[in-house]
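> target_20.txt is reproduced in full below (compact mmCIF, C-alpha atoms and all ligand atoms).
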```txt
# COMPACT_ATOMS: atom_id res chain seq x y z
CA MET N 6 -10.87 11.13 11.04
CA ARG N 7 -8.36 12.57 8.60
CA TRP N 8 -11.13 14.58 6.93
CA PRO N 9 -14.78 14.89 7.98
CA VAL N 10 -17.16 12.38 6.40
CA SER N 11 -18.65 14.12 3.34
CA PRO N 12 -22.07 15.50 4.44
CA GLU N 13 -23.49 14.64 0.99
CA LEU N 14 -22.72 10.98 1.62
CA VAL N 15 -25.61 10.53 4.02
CA LEU N 16 -28.11 12.13 1.65
CA GLU N 17 -26.91 10.89 -1.70
CA LEU N 18 -25.79 7.35 -0.88
CA ALA N 19 -29.14 6.47 0.69
CA GLY N 20 -31.18 4.23 -1.60
CA GLN N 21 -28.31 3.49 -3.98
CA ARG N 22 -27.14 0.03 -4.96
CA VAL N 23 -23.45 -0.88 -4.84
CA ASP N 24 -22.56 -1.81 -8.42
CA SER N 25 -18.82 -2.22 -8.07
CA VAL N 26 -16.06 -2.61 -5.50
CA SER N 27 -12.61 -1.65 -6.68
CA ARG N 28 -9.31 -0.31 -5.45
CA ARG N 29 -6.82 2.33 -6.55
CA GLY N 30 -3.61 2.55 -4.51
CA LYS N 31 -4.79 2.32 -0.91
CA TYR N 32 -8.24 3.69 -1.70
CA ILE N 33 -11.25 1.35 -1.74
CA LEU N 34 -14.06 2.46 -4.04
CA LEU N 35 -17.73 1.50 -3.72
CA GLY N 36 -19.39 2.47 -6.98
CA THR N 37 -23.11 3.29 -7.28
CA ALA N 38 -25.13 4.89 -10.06
CA GLY N 39 -25.26 8.13 -8.06
CA GLY N 40 -21.63 8.40 -7.01
CA THR N 41 -18.71 6.66 -5.34
CA VAL N 42 -17.78 6.09 -1.70
CA ILE N 43 -14.01 6.42 -1.21
CA PHE N 44 -12.51 4.68 1.82
CA HIS N 45 -8.93 4.90 3.05
CA LEU N 46 -8.06 2.68 6.00
CA GLY N 47 -5.24 4.94 7.20
CA MET N 48 -2.88 3.24 9.66
CA SER N 49 -5.35 1.11 11.56
CA GLY N 50 -8.77 1.19 9.89
CA ASN N 51 -10.85 -1.81 8.93
CA LEU N 52 -14.11 -2.56 7.18
CA ARG N 53 -16.27 -5.37 8.50
CA VAL N 54 -19.65 -6.77 7.57
CA VAL N 55 -21.71 -7.18 10.74
CA GLY N 56 -25.36 -7.91 11.52
CA SER N 57 -27.81 -5.05 12.08
CA ASP N 58 -27.95 -5.93 15.78
CA ALA N 59 -24.20 -5.35 16.29
CA ILE N 60 -23.91 -2.41 18.70
CA PRO N 61 -21.37 0.23 17.59
CA ALA N 62 -18.29 0.20 19.79
CA LYS N 63 -15.51 2.67 20.40
CA HIS N 64 -13.79 3.80 17.17
CA ASP N 65 -16.67 2.64 14.95
CA HIS N 66 -17.14 5.77 12.84
CA VAL N 67 -19.46 4.94 9.93
CA ASP N 68 -22.16 2.32 9.30
CA ILE N 69 -23.62 1.69 5.85
CA LEU N 70 -26.84 -0.29 6.33
CA PHE N 71 -27.93 -2.60 3.49
CA ASP N 72 -31.45 -3.77 2.70
CA ASN N 73 -30.57 -7.35 3.66
CA GLY N 74 -29.86 -6.25 7.24
CA CYS N 75 -26.09 -6.32 6.98
CA ILE N 76 -23.98 -3.36 8.01
CA LEU N 77 -20.69 -2.39 6.41
CA ARG N 78 -18.91 -0.89 9.42
CA PHE N 79 -15.84 1.34 9.28
CA ASN N 80 -13.67 1.22 12.40
CA ASP N 81 -10.46 3.17 12.85
CA PRO N 82 -8.80 3.49 16.29
CA ARG N 83 -6.05 5.84 15.14
CA ARG N 84 -8.33 7.87 12.88
CA PHE N 85 -5.96 8.41 9.97
CA GLY N 86 -8.52 6.91 7.59
CA CYS N 87 -11.33 8.64 5.72
CA VAL N 88 -14.76 8.07 4.20
CA LEU N 89 -15.57 10.42 1.33
CA TRP N 90 -18.22 10.71 -1.37
CA THR N 91 -17.86 11.96 -4.91
CA THR N 92 -20.29 12.23 -7.81
CA ASP N 93 -17.43 12.82 -10.25
CA ASN N 94 -15.03 10.26 -11.70
CA PRO N 95 -13.35 8.95 -8.53
CA LEU N 96 -10.05 8.41 -10.35
CA GLU N 97 -9.92 12.17 -10.89
CA HIS N 98 -10.58 12.97 -7.23
CA ARG N 99 -7.84 15.19 -5.81
CA LEU N 100 -6.52 12.33 -3.65
CA LEU N 101 -6.33 9.83 -6.50
CA ALA N 102 -5.54 11.89 -9.58
CA SER N 103 -1.82 12.24 -8.90
CA LEU N 104 -1.18 8.61 -7.96
CA GLY N 105 1.39 6.68 -9.96
CA PRO N 106 0.45 3.50 -11.81
CA GLU N 107 -0.48 0.19 -10.21
CA PRO N 108 2.68 -1.97 -10.11
CA LEU N 109 0.96 -5.01 -11.61
CA SER N 110 -0.55 -3.05 -14.50
CA ALA N 111 0.88 -2.44 -17.96
CA GLU N 112 1.28 1.26 -17.08
CA PHE N 113 4.15 0.27 -14.77
CA HIS N 114 6.45 -0.35 -17.71
CA ASP N 115 10.13 -1.14 -17.43
CA ARG N 116 11.36 2.36 -18.28
CA LEU N 117 9.06 4.28 -15.96
CA LEU N 118 11.31 4.26 -12.88
CA TYR N 119 14.31 5.26 -14.95
CA GLN N 120 12.46 8.11 -16.63
CA GLN N 121 10.93 9.44 -13.41
CA SER N 122 14.16 9.28 -11.44
CA ARG N 123 16.42 11.40 -13.65
CA GLY N 124 17.83 14.29 -11.64
CA ARG N 125 16.38 12.99 -8.37
CA THR N 126 18.76 12.85 -5.42
CA LEU N 127 16.52 11.12 -2.90
CA ALA N 128 17.26 7.54 -1.87
CA VAL N 129 15.98 4.92 -4.30
CA LYS N 130 14.04 3.22 -1.51
CA ALA N 131 12.09 6.40 -0.74
CA PHE N 132 11.63 6.91 -4.48
CA ILE N 133 9.97 3.53 -5.12
CA MET N 134 7.79 3.98 -2.00
CA ASP N 135 6.48 7.34 -3.29
CA SER N 136 2.87 6.71 -4.35
CA HIS N 137 3.15 9.48 -6.94
CA ILE N 138 5.74 7.33 -8.75
CA VAL N 139 4.17 3.91 -8.27
CA VAL N 140 1.54 2.82 -5.73
CA GLY N 141 1.62 -0.24 -3.52
CA VAL N 142 5.32 -0.63 -2.78
CA GLY N 143 5.24 -0.57 1.02
CA ASN N 144 8.27 -0.67 3.29
CA ILE N 145 8.60 -4.44 3.54
CA TYR N 146 8.29 -4.95 -0.21
CA ALA N 147 10.71 -2.10 -1.01
CA ASN N 148 13.34 -3.72 1.24
CA GLU N 149 12.85 -7.13 -0.33
CA ALA N 150 12.78 -5.90 -3.94
CA LEU N 151 15.99 -3.87 -3.52
CA PHE N 152 17.73 -6.91 -2.04
CA ARG N 153 16.67 -9.11 -4.93
CA ALA N 154 17.74 -6.43 -7.42
CA GLY N 155 21.11 -5.99 -5.66
CA ILE N 156 20.58 -2.24 -5.26
CA ARG N 157 21.63 -0.42 -2.11
CA PRO N 158 18.54 1.34 -0.66
CA LEU N 159 20.36 4.59 0.13
CA ARG N 160 21.72 5.07 -3.39
CA ALA N 161 20.45 8.26 -5.08
CA ALA N 162 17.51 7.43 -7.36
CA GLY N 163 18.96 9.52 -10.18
CA ASN N 164 22.23 7.55 -10.18
CA ILE N 165 20.85 4.17 -11.17
CA SER N 166 21.08 2.88 -14.73
CA ALA N 167 18.18 1.96 -17.01
CA SER N 168 19.08 -1.73 -16.95
CA ARG N 169 19.14 -1.84 -13.14
CA TYR N 170 15.75 -0.14 -13.03
CA GLN N 171 14.45 -2.63 -15.55
CA ASN N 172 15.51 -5.43 -13.22
CA LEU N 173 14.10 -3.61 -10.17
CA SER N 174 10.71 -3.19 -11.90
CA ARG N 175 10.63 -6.90 -12.59
CA VAL N 176 11.43 -7.90 -9.00
CA ILE N 177 8.92 -5.40 -7.57
CA ARG N 178 6.20 -7.21 -9.54
CA GLU N 179 7.65 -10.58 -8.51
CA VAL N 180 7.73 -9.74 -4.78
CA LEU N 181 4.19 -8.32 -4.81
CA GLU N 182 2.79 -11.29 -6.72
CA GLU N 183 4.39 -13.74 -4.30
CA ALA N 184 3.08 -11.79 -1.30
CA ILE N 185 -0.45 -11.68 -2.74
CA THR N 186 -0.37 -15.43 -3.41
CA GLN N 187 0.54 -16.02 0.21
CA GLY N 188 -2.07 -13.67 1.64
CA GLY N 189 0.23 -10.76 2.47
CA THR N 190 2.61 -10.20 5.35
CA THR N 191 1.07 -10.44 8.78
CA LEU N 192 3.01 -8.40 11.30
CA ARG N 193 0.75 -7.83 14.27
CA ASP N 194 -2.97 -8.33 14.41
CA PHE N 195 -3.69 -7.88 10.72
CA VAL N 196 -5.41 -10.83 9.11
CA GLY N 197 -6.95 -11.64 5.74
CA SER N 198 -10.67 -11.40 5.04
CA ASP N 199 -10.91 -15.07 6.01
CA GLY N 200 -9.43 -14.25 9.43
CA ARG N 201 -6.17 -16.06 8.68
CA PRO N 202 -2.73 -14.47 8.74
CA GLY N 203 -0.60 -13.88 5.65
CA TYR N 204 2.43 -16.09 5.28
CA PHE N 205 4.78 -13.99 3.15
CA ARG N 206 6.69 -13.08 6.33
CA GLN N 207 8.32 -16.50 6.33
CA GLN N 208 10.00 -15.69 3.01
CA LEU N 209 11.46 -12.31 3.91
CA ALA N 210 15.16 -12.18 3.05
CA VAL N 211 16.06 -8.87 4.72
CA TYR N 212 13.09 -7.16 6.40
CA GLY N 213 13.15 -7.85 10.16
CA ARG N 214 16.53 -9.59 9.85
CA GLY N 215 18.95 -6.74 10.71
CA GLY N 216 22.14 -8.17 12.28
CA GLN N 217 21.45 -11.67 10.97
CA PRO N 218 23.50 -13.27 8.20
CA CYS N 219 22.64 -12.54 4.56
CA GLN N 220 21.05 -15.64 3.01
CA SER N 221 23.17 -15.13 -0.08
CA CYS N 222 26.69 -14.24 1.15
CA GLY N 223 26.60 -14.70 4.93
CA GLN N 224 27.60 -11.13 5.83
CA SER N 225 25.71 -9.49 8.69
CA LEU N 226 22.72 -7.49 7.37
CA LEU N 227 22.80 -3.78 8.20
CA GLU N 228 19.69 -2.03 9.56
CA VAL N 229 19.32 1.76 9.31
CA ARG N 230 16.43 4.22 9.47
CA LEU N 231 15.47 5.94 6.26
CA GLY N 232 12.60 8.42 6.54
CA GLN N 233 11.63 6.75 9.85
CA ARG N 234 11.29 3.37 8.16
CA ALA N 235 13.37 0.31 8.96
CA THR N 236 15.78 -0.29 6.09
CA VAL N 237 17.75 -3.53 5.96
CA TYR N 238 20.34 -4.42 3.37
CA CYS N 239 23.51 -6.39 2.67
CA ARG N 240 26.69 -4.42 2.01
CA GLY N 241 28.06 -7.36 0.10
CA CYS N 242 25.17 -8.07 -2.26
CA GLN N 243 23.71 -4.57 -2.72
CA THR N 244 25.71 -1.83 -4.40
ZN ZN I 1 24.80 -10.63 0.99
```
Here is the file; what I need is its structure written in the form of structure tokens.


Amino acid sequence: MRWPVSPELVLELAGQRVDSVSRRGKYILLGTAGGTVIFHLGMSGNLRVVGSDAIPAKHDHVDILFDNGCILRFNDPRRFGCVLWTTDNPLEHRLLASLGPEPLSAEFHDRLLYQQSRGRTLAVKAFIMDSHIVVGVGNIYANEALFRAGIRPLRAAGNISASRYQNLSRVIREVLEEAITQGGTTLRDFVGSDGRPGYFRQQLAVYGRGGQPCQSCGQSLLEVRLGQRATVYCRGCQT
């Protein structure tokens, strides 16, 4: 995988009880009295609870066996994920310490994007997708939020006013909350923990709609690549 499984994990996790399950950015944390397991699912990883008789298959990398006979199984075909162990505060782990705030927390206040963007020349879309600025704003949600805020994705981050950033912060929260309510945005074979797809895709105003008419003004939506990611916007509504 991305990094080797921590050798201490096998020794020190054994016999512990999972006291908490939490998340920071894209990291999933299993807390025990002795330390914390840190999972990252990478591009294609998944965690499943299976019975102790489930034979490991290709790309199953780690099993955590519980007393009740269940196995928490980590599978990752593309192997960009990781399974690490720390006995320190996991939020201060080198991978987590420099992450920006959670977008639905009070730390993501309305002036943060403005303050962090001064002097920055990179595109605002890349800026809001940078997990060191704010976590959780993936490509689909960045496209949608910039459309709702009326901001052109390629505009330099440092050239956007405080009031526009205030509005953008609000719509980022709005888009994420709507997507969570609807179980996320199923694109391929990704499904929720209940095995059902997310339905936010049906509400997308720009993502996946390059060349189609803007729902607001009717102009044809433009699709470009920005940092390898599909970027769709309306030249009429976004400036
Ligand atoms: Zn438009």

> Find, counting only C-alpha atoms, the residue in N:Leu127, N:Val139, N:Leu89, N:Ala184 that gets nearest to N:Pro106.

N:Val139

> From the options N:Ser174, N:Thr186, N:Thr92, N:Asp72, which residue's atoms come nearest to N:Glu112, counting only C-alpha atoms?

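Smallest distance to N:Glu112 is found for N:Ser174.
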
> Restricting the calculation to only C-alpha atoms, which member of N:Asp65, N:Glu228, N:Asp58, N:Glu107 is positioned closest to N:Arg28?

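Of N:Asp65, N:Glu228, N:Asp58, N:Glu107, the one nearest N:Arg28 is N:Glu107, counting only C-alpha atoms.
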
> Mind checking which residues fall within 8 Å of N:Leu227, counting only C-alpha atoms, ignoring those fewer than 3 positions away in the same chain, and posting them as a list in words?

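Result of the neighbour search: Gly215, Gly216, Val237, Tyr238, Cys239 and Arg240 of chain N.
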
> From the set N:Arg157, N:Lys31, N:Arg84, N:Arg78, which residue has the shortest atom-to-atom contact distance to N:Gly241, counting all atoms listed in the file?

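Among the listed residues, the smallest separation from N:Gly241 belongs to N:Arg157.
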
> If you count only C-alpha atoms, which residues fall within 9 Å of N:Ile43, apart from same-chain ones fewer than 6 positions away, as a PyMOL selection string?

chain N and resi 32-36+87-91+95
